[in-house]
>>> print(open('model-v6.txt').read())   # compact mmCIF, C-alpha atoms and all ligand atoms
# COMPACT_ATOMS: atom_id res chain seq x y z
CA MET A 93 94.78 140.51 105.74
CA ASN A 94 92.34 143.31 105.14
CA ALA A 95 90.16 143.68 108.20
CA GLY A 96 86.94 141.82 107.80
CA THR A 97 88.16 139.41 105.11
CA LYS A 98 87.27 136.04 106.50
CA PRO A 99 89.31 133.12 105.10
CA THR A 100 86.09 131.76 103.62
CA ASP A 101 85.67 135.02 101.68
CA LEU A 102 89.00 134.52 99.91
CA ARG A 103 89.04 133.69 96.22
CA ILE A 104 91.98 132.97 93.95
CA ASN A 105 92.61 135.00 90.78
CA ALA A 106 91.18 132.80 88.01
CA ASP A 107 92.73 134.81 85.16
CA ARG A 108 96.20 134.69 86.72
CA LEU A 109 95.85 130.91 87.17
CA TRP A 110 94.76 130.42 83.55
CA ASP A 111 97.56 132.69 82.34
CA ALA A 112 100.20 130.71 84.28
CA LEU A 113 98.88 127.49 82.74
CA MET A 114 98.97 128.92 79.23
CA GLN A 115 102.48 130.35 79.72
CA MET A 116 103.77 126.97 80.92
CA ALA A 117 101.95 125.18 78.07
CA LYS A 118 104.08 127.10 75.56
CA ILE A 119 107.12 125.11 76.73
CA GLY A 120 106.94 121.90 74.69
CA ALA A 121 103.77 122.99 72.84
CA THR A 122 102.80 120.51 70.08
CA PRO A 123 101.00 121.27 66.77
CA LYS A 124 97.77 119.63 67.99
CA GLY A 125 97.60 121.91 71.04
CA GLY A 126 99.17 119.55 73.53
CA VAL A 127 102.46 119.54 75.39
CA LYS A 128 105.48 117.26 75.07
CA ARG A 129 107.79 118.09 77.98
CA LEU A 130 109.43 114.79 78.90
CA THR A 131 111.13 114.63 82.26
CA LEU A 132 114.77 115.77 82.50
CA THR A 133 114.90 117.09 78.93
CA ASP A 134 115.88 120.66 78.09
CA LEU A 135 112.18 121.50 77.80
CA ASP A 136 111.70 120.23 81.35
CA ARG A 137 114.59 122.48 82.40
CA GLN A 138 112.90 125.47 80.77
CA GLY A 139 109.63 124.70 82.57
CA ARG A 140 111.45 124.29 85.89
CA ASP A 141 113.34 127.56 85.39
CA LEU A 142 110.09 129.44 84.65
CA PHE A 143 108.35 127.89 87.67
CA ILE A 144 111.26 128.84 89.95
CA ALA A 145 111.31 132.41 88.59
CA TRP A 146 107.61 132.74 89.46
CA CYS A 147 108.19 131.27 92.93
CA LYS A 148 111.03 133.69 93.64
CA ALA A 149 108.90 136.60 92.39
CA ALA A 150 106.32 135.48 94.97
CA GLY A 151 108.97 135.65 97.69
CA LEU A 152 109.21 131.88 98.18
CA ALA A 153 112.46 130.17 99.22
CA VAL A 154 113.36 127.49 96.65
CA THR A 155 115.25 124.22 97.30
CA VAL A 156 115.91 121.23 95.03
CA ASP A 157 116.41 117.69 96.34
CA GLY A 158 118.69 114.88 95.16
CA VAL A 159 116.22 113.57 92.54
CA GLY A 160 115.36 117.02 91.21
CA SER A 161 112.09 117.66 93.03
CA ILE A 162 111.60 121.37 93.69
CA PHE A 163 110.15 122.84 96.93
CA ALA A 164 109.11 126.52 97.16
CA ARG A 165 108.45 127.58 100.75
CA ARG A 166 106.32 130.42 102.14
CA ARG A 167 107.18 131.23 105.77
CA GLY A 168 104.70 130.62 108.56
CA ARG A 169 104.33 132.22 111.98
CA LYS A 170 105.56 128.93 113.46
CA ASP A 171 108.25 128.50 110.83
CA ALA A 172 109.83 125.45 112.44
CA ALA A 173 106.52 123.57 112.19
CA PRO A 174 106.03 120.91 109.49
CA PRO A 175 104.76 122.61 106.32
CA VAL A 176 101.42 122.17 104.59
CA VAL A 177 102.42 121.16 101.08
CA SER A 178 100.61 121.23 97.73
CA GLY A 179 101.85 120.46 94.26
CA SER A 180 102.08 117.93 91.44
CA HIS A 181 104.35 117.46 88.40
CA LEU A 182 105.47 119.41 85.31
CA ASP A 183 106.65 116.46 83.20
CA THR A 184 104.23 115.21 80.54
CA GLN A 185 103.49 112.18 78.42
CA PRO A 186 104.96 112.24 74.87
CA SER A 187 101.47 113.18 73.61
CA GLY A 188 100.43 114.98 76.78
CA GLY A 189 98.09 117.88 77.45
CA ARG A 190 98.30 121.33 79.01
CA PHE A 191 96.77 120.42 82.38
CA ASP A 192 97.89 116.94 83.59
CA GLY A 193 100.28 117.71 86.45
CA CYS A 194 100.82 121.35 85.52
CA TYR A 195 97.43 122.31 86.96
CA GLY A 196 98.38 121.06 90.43
CA VAL A 197 101.66 122.99 90.42
CA MET A 198 100.07 126.20 89.09
CA ALA A 199 97.14 125.89 91.50
CA ALA A 200 99.55 125.68 94.45
CA LEU A 201 101.43 128.72 93.09
CA GLU A 202 98.11 130.58 92.78
CA VAL A 203 97.36 129.76 96.44
CA ALA A 204 100.70 131.32 97.46
CA ARG A 205 100.05 134.36 95.27
CA THR A 206 96.56 134.80 96.76
CA LEU A 207 97.89 134.55 100.32
CA ASN A 208 100.44 137.22 99.37
CA ASP A 209 97.75 139.47 97.83
CA HIS A 210 95.82 139.46 101.09
CA GLY A 211 98.86 139.64 103.38
CA ILE A 212 97.80 136.44 105.09
CA GLU A 213 100.25 134.80 107.47
CA THR A 214 99.58 131.14 108.18
CA ASP A 215 100.71 129.34 111.33
CA ALA A 216 102.46 126.54 109.47
CA PRO A 217 104.70 127.25 106.48
CA PHE A 218 103.17 126.56 103.06
CA GLU A 219 105.27 124.75 100.45
CA ILE A 220 104.73 124.08 96.76
CA ALA A 221 106.16 120.73 95.61
CA MET A 222 107.10 119.95 91.98
CA TRP A 223 107.89 116.23 91.82
CA THR A 224 110.29 114.93 89.17
CA ASN A 225 109.17 112.22 86.72
CA GLU A 226 105.60 111.53 87.80
CA GLU A 227 104.67 110.11 84.39
CA GLY A 228 107.19 107.27 84.10
CA ALA A 229 107.10 107.86 80.32
CA ARG A 230 110.89 108.19 79.96
CA PHE A 231 112.20 106.55 83.14
CA LEU A 232 110.69 103.83 85.33
CA PRO A 233 109.35 103.75 87.98
CA VAL A 234 106.34 105.97 87.51
CA MET A 235 106.05 108.58 90.31
CA GLY A 236 109.67 107.80 91.10
CA ALA A 237 110.68 111.05 92.82
CA SER A 238 107.67 111.26 95.13
CA GLY A 239 108.24 107.56 95.77
CA ALA A 240 111.84 108.26 96.80
CA PHE A 241 110.61 111.10 99.05
CA ALA A 242 108.23 108.60 100.68
CA GLY A 243 110.91 105.92 100.90
CA THR A 244 109.28 103.45 98.48
CA HIS A 245 112.41 103.68 96.27
CA THR A 246 116.03 104.42 97.14
CA VAL A 247 117.68 107.48 95.59
CA GLU A 248 120.22 105.15 93.94
CA GLU A 249 117.40 103.16 92.32
CA ILE A 250 115.96 106.36 90.86
CA LEU A 251 119.28 107.84 89.70
CA SER A 252 120.44 104.58 88.08
CA ALA A 253 117.28 104.02 85.98
CA ALA A 254 118.01 104.24 82.24
CA ASP A 255 115.79 105.43 79.38
CA MET A 256 115.35 103.65 76.03
CA ASP A 257 118.59 105.28 74.76
CA GLY A 258 120.54 104.09 77.80
CA VAL A 259 120.78 107.58 79.36
CA SER A 260 120.62 107.37 83.17
CA PHE A 261 118.22 109.47 85.25
CA GLY A 262 121.23 110.82 87.20
CA ASP A 263 123.10 111.90 84.05
CA ALA A 264 119.99 113.53 82.58
CA LEU A 265 119.33 115.30 85.90
CA ARG A 266 122.87 116.67 86.05
CA ALA A 267 122.70 117.68 82.37
CA ILE A 268 119.78 120.03 83.09
CA GLY A 269 121.40 121.34 86.26
CA TYR A 270 118.79 120.06 88.72
CA ALA A 271 120.77 117.56 90.78
CA GLY A 272 119.87 119.30 94.02
CA ALA A 273 121.58 119.18 97.39
CA ALA A 274 118.50 118.84 99.62
CA PRO A 275 117.93 115.38 101.15
CA VAL A 276 115.20 113.31 99.50
CA GLY A 277 112.38 113.01 102.03
CA GLY A 278 113.01 112.24 105.68
CA ARG A 279 111.19 115.37 106.88
CA PRO A 280 107.66 115.67 108.31
CA LEU A 281 104.82 117.31 106.35
CA ALA A 282 101.72 118.54 108.17
CA ALA A 283 99.54 117.68 105.14
CA TYR A 284 99.73 117.29 101.38
CA PHE A 285 97.01 118.34 98.90
CA GLU A 286 97.18 117.78 95.15
CA ALA A 287 94.82 119.38 92.64
CA HIS A 288 94.52 117.48 89.33
CA ILE A 289 92.19 117.07 86.37
CA GLU A 290 90.12 113.87 86.74
CA GLN A 291 91.36 112.38 83.45
CA GLY A 292 88.07 110.47 83.24
CA PRO A 293 84.42 111.34 82.40
CA LEU A 294 82.65 111.04 85.80
CA LEU A 295 82.60 114.66 87.01
CA GLU A 296 81.60 116.02 83.60
CA ASN A 297 78.90 113.36 83.11
CA THR A 298 77.37 114.06 86.54
CA GLY A 299 77.64 117.86 86.38
CA ASN A 300 80.05 118.14 89.30
CA SER A 301 82.70 120.88 89.42
CA VAL A 302 84.83 119.27 92.12
CA GLY A 303 85.88 115.68 92.88
CA VAL A 304 86.64 114.88 96.52
CA VAL A 305 89.22 112.17 95.93
CA THR A 306 89.04 109.47 98.60
CA GLY A 307 91.73 107.20 97.17
CA ALA A 308 93.28 105.65 94.07
CA LEU A 309 93.37 102.28 92.28
CA GLY A 310 96.24 99.94 92.95
CA GLN A 311 98.64 99.36 90.08
CA ARG A 312 100.97 96.58 88.96
CA TRP A 313 103.12 97.04 85.84
CA PHE A 314 105.25 94.45 84.02
CA GLU A 315 107.82 94.36 81.25
CA VAL A 316 107.23 91.26 79.09
CA THR A 317 110.03 89.95 76.86
CA VAL A 318 109.02 87.40 74.20
CA SER A 319 112.01 85.59 72.64
CA GLY A 320 111.82 83.60 69.39
CA MET A 321 114.17 83.53 66.43
CA ASP A 322 114.83 85.98 63.61
CA ALA A 323 114.10 84.16 60.33
CA HIS A 324 113.56 84.88 56.63
CA ALA A 325 109.90 85.66 55.84
CA GLY A 326 110.12 83.71 52.57
CA PRO A 327 111.91 80.34 52.81
CA THR A 328 110.89 79.69 56.46
CA PRO A 329 107.77 77.46 56.54
CA MET A 330 105.00 78.72 58.87
CA HIS A 331 105.19 75.69 61.21
CA LEU A 332 108.93 76.09 61.75
CA ARG A 333 108.80 79.72 62.89
CA ARG A 334 109.40 81.05 66.41
CA ASP A 335 107.61 84.34 65.88
CA ALA A 336 107.99 86.61 68.95
CA LEU A 337 105.53 89.26 67.71
CA LEU A 338 102.86 86.61 67.07
CA GLY A 339 103.27 85.35 70.63
CA ALA A 340 103.10 88.93 71.96
CA SER A 341 99.89 89.52 69.98
CA PHE A 342 98.14 86.63 71.79
CA LEU A 343 99.37 87.90 75.17
CA ILE A 344 98.20 91.45 74.41
CA GLN A 345 94.71 90.08 73.69
CA GLU A 346 94.85 88.30 77.06
CA VAL A 347 95.79 91.54 78.91
CA ASN A 348 92.69 93.16 77.42
CA ARG A 349 90.46 90.18 78.33
CA LEU A 350 91.76 90.18 81.92
CA GLY A 351 91.19 93.95 82.23
CA LYS A 352 87.61 93.67 80.97
CA ALA A 353 86.73 90.85 83.41
CA THR A 354 85.44 93.16 86.18
CA GLU A 355 83.96 96.69 86.39
CA HIS A 356 86.90 98.34 88.18
CA SER A 357 89.83 96.41 86.66
CA ARG A 358 92.00 97.84 83.88
CA GLY A 359 94.52 96.14 81.58
CA THR A 360 96.63 98.13 79.11
CA VAL A 361 99.58 97.48 76.80
CA GLY A 362 100.93 100.96 75.94
CA MET A 363 104.52 100.41 74.86
CA ILE A 364 105.97 97.82 72.46
CA VAL A 365 109.40 97.31 70.91
CA ASN A 366 109.70 94.75 68.12
CA ARG A 367 113.08 93.51 66.90
CA PRO A 368 114.49 93.55 64.31
CA ASN A 369 111.30 95.29 63.09
CA SER A 370 112.09 94.62 59.44
CA ARG A 371 109.29 93.91 56.96
CA ASN A 372 110.68 90.59 55.69
CA VAL A 373 112.11 89.17 58.91
CA VAL A 374 110.16 86.98 61.34
CA PRO A 375 110.61 88.92 64.62
CA GLY A 376 112.94 87.24 67.10
CA GLU A 377 112.20 89.50 70.10
CA THR A 378 109.26 91.58 71.23
CA VAL A 379 109.23 93.61 74.48
CA PHE A 380 106.04 95.24 75.74
CA SER A 381 104.59 96.91 78.85
CA VAL A 382 101.60 95.73 80.87
CA ASP A 383 99.67 98.12 83.16
CA PHE A 384 97.12 96.39 85.46
CA ARG A 385 94.92 98.40 87.86
CA ASP A 386 92.19 97.45 90.31
CA THR A 387 90.40 98.51 93.47
CA GLY A 388 92.02 95.63 95.38
CA VAL A 389 95.23 93.58 95.44
CA PRO A 390 93.28 90.31 94.81
CA GLY A 391 92.20 91.80 91.49
CA LEU A 392 95.80 92.63 90.61
CA ASP A 393 96.80 89.09 91.62
CA ARG A 394 94.05 87.60 89.42
CA MET A 395 95.29 89.49 86.40
CA GLU A 396 98.94 88.64 87.06
CA GLN A 397 98.10 84.95 87.41
CA GLY A 398 96.06 85.09 84.20
CA LEU A 399 98.93 86.71 82.36
CA ARG A 400 101.48 84.15 83.59
CA ALA A 401 99.19 81.20 82.77
CA ALA A 402 98.61 82.50 79.24
CA ALA A 403 102.35 83.07 78.80
CA GLY A 404 103.01 79.43 79.73
CA ARG A 405 100.52 78.17 77.15
CA ILE A 406 101.73 80.48 74.36
CA ALA A 407 105.40 79.73 75.04
CA ALA A 408 104.71 75.99 74.68
CA GLU A 409 102.52 76.29 71.58
CA LEU A 410 104.86 78.62 69.67
CA SER A 411 108.22 77.42 71.08
CA LEU A 412 108.96 80.85 72.57
CA GLY A 413 110.70 82.10 75.70
CA ILE A 414 108.54 84.55 77.68
CA GLY A 415 109.95 86.59 80.60
CA ILE A 416 107.63 88.66 82.83
CA ARG A 417 109.31 91.25 85.12
CA GLN A 418 107.34 93.40 87.58
CA THR A 419 108.35 97.07 87.26
CA VAL A 420 105.76 98.92 89.36
CA PHE A 421 103.54 97.94 92.26
CA PHE A 422 101.45 99.91 94.72
CA PRO A 423 98.25 98.73 96.41
CA PRO A 424 95.05 100.77 96.29
CA CYS A 425 95.47 103.85 98.47
CA HIS A 426 92.95 105.53 100.80
CA PHE A 427 93.54 109.20 101.57
CA ASP A 428 93.47 110.76 105.05
CA GLU A 429 89.93 111.21 106.41
CA VAL A 430 90.66 114.63 107.95
CA CYS A 431 92.23 115.97 104.75
CA VAL A 432 89.43 114.51 102.62
CA ALA A 433 86.91 116.16 104.95
CA ALA A 434 88.74 119.50 104.59
CA VAL A 435 88.39 119.22 100.80
CA ARG A 436 84.71 118.26 101.04
CA ALA A 437 83.98 121.09 103.51
CA GLY A 438 85.76 123.59 101.26
CA ALA A 439 83.70 122.56 98.23
CA ALA A 440 80.47 122.67 100.24
CA ARG A 441 81.30 126.04 101.82
CA LEU A 442 82.00 127.59 98.42
CA GLY A 443 78.82 126.11 96.98
CA TYR A 444 80.43 123.92 94.32
CA ARG A 445 78.63 120.75 93.20
CA HIS A 446 80.97 117.99 94.33
CA MET A 447 81.14 114.22 94.67
CA ASP A 448 83.45 111.64 96.22
CA ILE A 449 85.56 109.87 93.60
CA VAL A 450 88.33 107.24 93.42
CA SER A 451 91.25 108.05 91.12
CA GLY A 452 91.89 105.63 88.25
CA ALA A 453 95.22 107.35 87.68
CA GLY A 454 98.22 107.21 89.95
CA HIS A 455 99.51 110.50 91.33
CA ASP A 456 102.40 111.68 93.50
CA ALA A 457 99.80 111.98 96.26
CA VAL A 458 99.53 108.17 96.29
CA TYR A 459 103.11 107.89 97.57
CA ILE A 460 103.09 111.04 99.72
CA ALA A 461 100.04 109.58 101.48
CA ARG A 462 102.45 107.05 103.01
CA VAL A 463 104.33 109.77 104.92
CA ALA A 464 101.80 112.58 105.39
CA PRO A 465 98.04 113.13 105.76
CA THR A 466 97.04 113.53 102.11
CA ALA A 467 94.03 114.24 99.90
CA MET A 468 93.36 115.30 96.31
CA ILE A 469 91.00 117.64 94.53
CA PHE A 470 89.75 116.75 91.02
CA VAL A 471 88.23 119.03 88.43
CA PRO A 472 86.50 117.89 85.22
CA CYS A 473 88.33 117.72 81.90
CA GLU A 474 86.55 117.83 78.55
CA GLY A 475 85.18 114.42 77.59
CA GLY A 476 87.32 112.91 80.33
CA ILE A 477 90.19 112.96 77.84
CA SER A 478 93.80 113.05 79.07
CA HIS A 479 97.21 111.65 78.06
CA ASN A 480 96.11 113.15 74.76
CA GLU A 481 97.09 116.43 73.08
CA THR A 482 93.45 117.54 72.94
CA GLU A 483 93.18 117.49 76.78
CA ASN A 484 91.12 120.51 77.82
CA ALA A 485 89.52 122.01 80.93
CA LYS A 486 87.31 125.03 81.67
CA PRO A 487 88.86 128.07 83.41
CA GLU A 488 85.92 128.20 85.83
CA ASP A 489 86.39 124.56 86.85
CA LEU A 490 90.15 125.04 87.29
CA ALA A 491 89.40 128.10 89.43
CA ALA A 492 86.83 126.18 91.50
CA GLY A 493 89.34 123.43 92.27
CA CYS A 494 91.95 126.01 93.18
CA ASN A 495 89.53 127.82 95.51
CA VAL A 496 88.83 124.51 97.26
CA LEU A 497 92.58 123.91 97.50
CA LEU A 498 93.00 127.32 99.15
CA GLN A 499 90.32 126.49 101.71
CA ALA A 500 91.82 123.07 102.46
CA VAL A 501 95.31 124.53 102.85
CA LEU A 502 94.02 127.26 105.22
CA ALA A 503 92.12 124.64 107.22
CA LYS A 504 95.34 122.71 107.82
CA ALA A 505 97.84 125.60 107.96
CA GLY A 506 95.88 127.72 110.40
O1 LIG B 601 99.78 106.27 84.99
C1 LIG B 601 99.23 107.03 85.76
O2 LIG B 601 98.28 106.68 86.41
C2 LIG B 601 99.73 108.45 85.92
O3 LIG B 601 99.31 109.20 84.82
N1 LIG B 601 101.16 108.47 86.02
MN MN B 602 99.35 113.58 86.40
MN MN B 603 99.66 111.64 83.57
>>> encode(input="model-v6.txt", output="structure tokens", more="lines below")
Ligand code: HGY
Ligand code: MN
Ligand code: MN
Amino acid sequence: MNAGTKPTDLRINADRLWDALMQMAKIGATPKGGVKRLTLTDLDRQGRDLFIAWCKAAGLAVTVDGVGSIFARRRGRKDAAPPVVSGSHLDTQPSGGRFDGCYGVMAALEVARTLNDHGIETDAPFEIAMWTNEEGARFLPVMGASGAFAGTHTVEEILSAADMDGVSFGDALRAIGYAGAAPVGGRPLAAYFEAHIEQGPLLENTGNSVGVVTGALGQRWFEVTVSGMDAHAGPTPMHLRRDALLGASFLIQEVNRLGKATEHSRGTVGMIVNRPNSRNVVPGETVFSVDFRDTGVPGLDRMEQGLRAAAGRIAAELSLGIGIRQTVFFPPCHFDEVCVAAVRAGAARLGYRHMDIVSGAGHDAVYIARVAPTAMIFVPCEGGISHNETENAKPEDLAAGCNVLLQAVLAKAG
């Protein structure tokens, strides 16, 4: 480090960070300016290859674990010590944006590049983590790889999951050449920090550049299967039908009503498959997703009970079978006080307007918080829009969040 450069004087290279984001956004770029880079597709492979090339150019040692998560390690003076880790994900939603996930991986890379620029040696090693399949858009469970690292899912559970075409996670992982040899989890981390866009409107509406994330909503997801009977849309009288899609429509209304019942609760149906999905056939089967979120488990329980009660009524009224299978559950999480304080101190020291905030979205940090002291850093995104191709963020806000990340990492890595 140049003599006289105090750690608090350090700043990341905002242009290099923006450039890395725009380079990565080219892989899976969509006509509306978003990114479609579904996990374990060839586009994901291209993004992973580019990320690894950048890590190697920065002198980092790269390993891949058994569910495809990538770790890029920068040596520390005490190299046997547990590493300080920062990262996020490179997979996107089908209509995703340029920043969700990618920002956290590129911000961690920018931290490593900045430490290199200034010849800084930290006590603890610094590692960048790129977690496979955070989004859960192609394979359940959501955040499956960071969950496996934290022991919330077995490796077998993750590898055996199948997508809508019946392709298994393990086969897709091998097909892109990222079935790594490193064990999944089971090693200590000194701390984990994840930088991410807020994906909501709070920071922008209150004029804050940085969100000090204190925790995240709990989530409970279901797959609902409504079974009726395929029938001809003409000769079949209305009162003799067992219309699965009609039953699903009443349940979908109920999910929305349950989500609206309190200020912090959320209820969403995002995915639906209707069979046989033919214009003149009464649908015999409809399968759809339910995503409940709340600040407390009692709220999740309330919504589950409401869903099951409504299903019982609708099944009886319309002579349908209705199956409800839980696919994801994690309680609300509270991040580590010391790590949260390091984020808050970094924002204050650098003079950024900041506020404490609870994440409505799940993140890999939610699972890593179970095995390591963890905190997150949010930056605003335009209009709070995300999981949308128009997702946008300002270079100066992305730089601010990355500068805070650098300070938090230095505070923990020594
Ligand atoms: O669904 C979520 O909260 C995250 O985007 N996976
Ligand atoms: Mn994300
Ligand atoms: Mn997302």
>>> residues_near_ligand(input="model-v6.txt", ligand="ligand LIG 601 (chain B)", cutoff="9 Å", atoms="only C-alpha atoms and all ligand atoms", output="JSON, numbers by chain")
{"A": [184, 185, 192, 193, 225, 226, 227, 228, 229, 234, 235, 291, 309, 311, 383, 451, 452, 453, 454, 455, 456, 478, 479]}
>>> write_last_selection(input="model-v6.txt", atoms="C-alpha atoms", output="mmCIF file, in the coordinates of the input")
data_model
loop_
_atom_site.group_PDB
_atom_site.id
_atom_site.type_symbol
_atom_site.label_atom_id
_atom_site.label_comp_id
_atom_site.auth_asym_id
_atom_site.auth_seq_id
_atom_site.Cartn_x
_atom_site.Cartn_y
_atom_site.Cartn_z
ATOM 1 C CA THR A 184 104.230 115.210 80.540
ATOM 2 C CA GLN A 185 103.490 112.180 78.420
ATOM 3 C CA ASP A 192 97.890 116.940 83.590
ATOM 4 C CA GLY A 193 100.280 117.710 86.450
ATOM 5 C CA ASN A 225 109.170 112.220 86.720
ATOM 6 C CA GLU A 226 105.600 111.530 87.800
ATOM 7 C CA GLU A 227 104.670 110.110 84.390
ATOM 8 C CA GLY A 228 107.190 107.270 84.100
ATOM 9 C CA ALA A 229 107.100 107.860 80.320
ATOM 10 C CA VAL A 234 106.340 105.970 87.510
ATOM 11 C CA MET A 235 106.050 108.580 90.310
ATOM 12 C CA GLN A 291 91.360 112.380 83.450
ATOM 13 C CA LEU A 309 93.370 102.280 92.280
ATOM 14 C CA GLN A 311 98.640 99.360 90.080
ATOM 15 C CA ASP A 383 99.670 98.120 83.160
ATOM 16 C CA SER A 451 91.250 108.050 91.120
ATOM 17 C CA GLY A 452 91.890 105.630 88.250
ATOM 18 C CA ALA A 453 95.220 107.350 87.680
ATOM 19 C CA GLY A 454 98.220 107.210 89.950
ATOM 20 C CA HIS A 455 99.510 110.500 91.330
ATOM 21 C CA ASP A 456 102.400 111.680 93.500
ATOM 22 C CA SER A 478 93.800 113.050 79.070
ATOM 23 C CA HIS A 479 97.210 111.650 78.060
#
>>> residues_around(input="model-v6.txt", residues="Thr214 of chain A", least_positions_apart="6", cutoff="6 Å", atoms="only C-alpha atoms", output="list in words")
Gly168, Ala505 and Gly506 of chain A
>>> closest_atom_pairs(input="model-v6.txt", of="segment 243-332 of chain A", to="segment 136-157 of chain A", cutoff="7 Å", atoms="all atoms listed in the file", output="Markdown table")
| residue | atom | partner | partner_atom | distance |
| --- | --- | --- | --- | --- |
| A:Ile268 | CA | A:Arg137 | CA | 5.8 |
| A:Gly272 | CA | A:Asp157 | CA | 4.5 |
| A:Ala273 | CA | A:Asp157 | CA | 5.5 |
| A:Ala274 | CA | A:Asp157 | CA | 4.1 |
| A:Pro275 | CA | A:Asp157 | CA | 5.5 |
| A:Val276 | CA | A:Asp157 | CA | 5.5 |
>>> write_last_selection(input="model-v6.txt", atoms="C-alpha atoms", output="PDB file, keeping the file's coordinate frame")
ATOM      1  CA  ILE A 268     119.780 120.030  83.090  1.00  0.00           C
ATOM      2  CA  GLY A 272     119.870 119.300  94.020  1.00  0.00           C
ATOM      3  CA  ALA A 273     121.580 119.180  97.390  1.00  0.00           C
ATOM      4  CA  ALA A 274     118.500 118.840  99.620  1.00  0.00           C
ATOM      5  CA  PRO A 275     117.930 115.380 101.150  1.00  0.00           C
ATOM      6  CA  VAL A 276     115.200 113.310  99.500  1.00  0.00           C
TER       7      VAL A 276
END
>>> closest_residue(input="model-v6.txt", among="A:Gly415, A:Pro293, A:Gly362, A:Gly493", to="Ile344 of chain A", atoms="all atoms listed in the file")
A:Gly362
>>> closest_residue(input="model-v6.txt", among="A:Met395, A:Cys431, A:Ile406, A:Val458", to="Asp335 of chain A", atoms="all atoms listed in the file")
A:Ile406
>>> residues_around(input="model-v6.txt", residues="Ala267 of chain A", least_positions_apart="5", cutoff="10 Å", atoms="only C-alpha atoms", output="list in words")
Leu132, Thr133, Asp134, Arg137, Phe261 and Gly262 of chain A
>>> axis_aligned_box(input="model-v6.txt", around="segment 299-314 of chain A", padding_each_side="4 Å", output="lines of an AutoDock Vina configuration file")
center_x = 91.4
center_y = 107.7
center_z = 91.3
size_x = 35.6
size_y = 34.4
size_z = 22.6
>>> residues_near_point(input="model-v6.txt", point="(102.1, 127.6, 94.7)", cutoff="12 Å", atoms="all atoms listed in the file", output="JSON, numbers by chain")
{"A": [104, 109, 112, 143, 144, 146, 147, 148, 149, 150, 151, 152, 153, 154, 162, 163, 164, 165, 166, 176, 177, 178, 179, 180, 194, 195, 196, 197, 198, 199, 200, 201, 202, 203, 204, 205, 206, 207, 208, 218, 219, 220, 221, 222, 285, 286, 287, 494, 497, 498, 501]}
>>> residues_around(input="model-v6.txt", residues="His446 of chain A", least_positions_apart="2", cutoff="6 Å", atoms="all atoms listed in the file", output="number ranges by chain")
A: 300-303, 444
>>> atom_distance(input="model-v6.txt", atom1="atom CA of Cys473 of chain A", atom2="atom CA of Gly126 of chain A")
13.8 Å
>>> decode(input="model-v6.txt", residues="segment 279-292 of chain A", atoms="C-alpha atoms", output="compact mmCIF listing (two decimals), in the first residue's frame")
# COMPACT_ATOMS: atom_id res chain seq x y z
CA ARG A 279 -15.58 -24.98 6.02
CA PRO A 280 -15.54 -21.90 8.28
CA LEU A 281 -15.95 -18.37 6.90
CA ALA A 282 -14.85 -15.37 8.96
CA ALA A 283 -17.67 -13.25 7.50
CA TYR A 284 -19.88 -12.96 4.43
CA PHE A 285 -21.01 -9.69 2.81
CA GLU A 286 -23.35 -9.44 -0.17
CA ALA A 287 -23.96 -6.28 -2.17
CA HIS A 288 -27.28 -6.22 -4.05
CA ILE A 289 -29.76 -3.79 -5.59
CA GLU A 290 -32.73 -3.25 -3.23
CA GLN A 291 -35.31 -4.42 -5.80
CA GLY A 292 -37.84 -2.17 -4.07
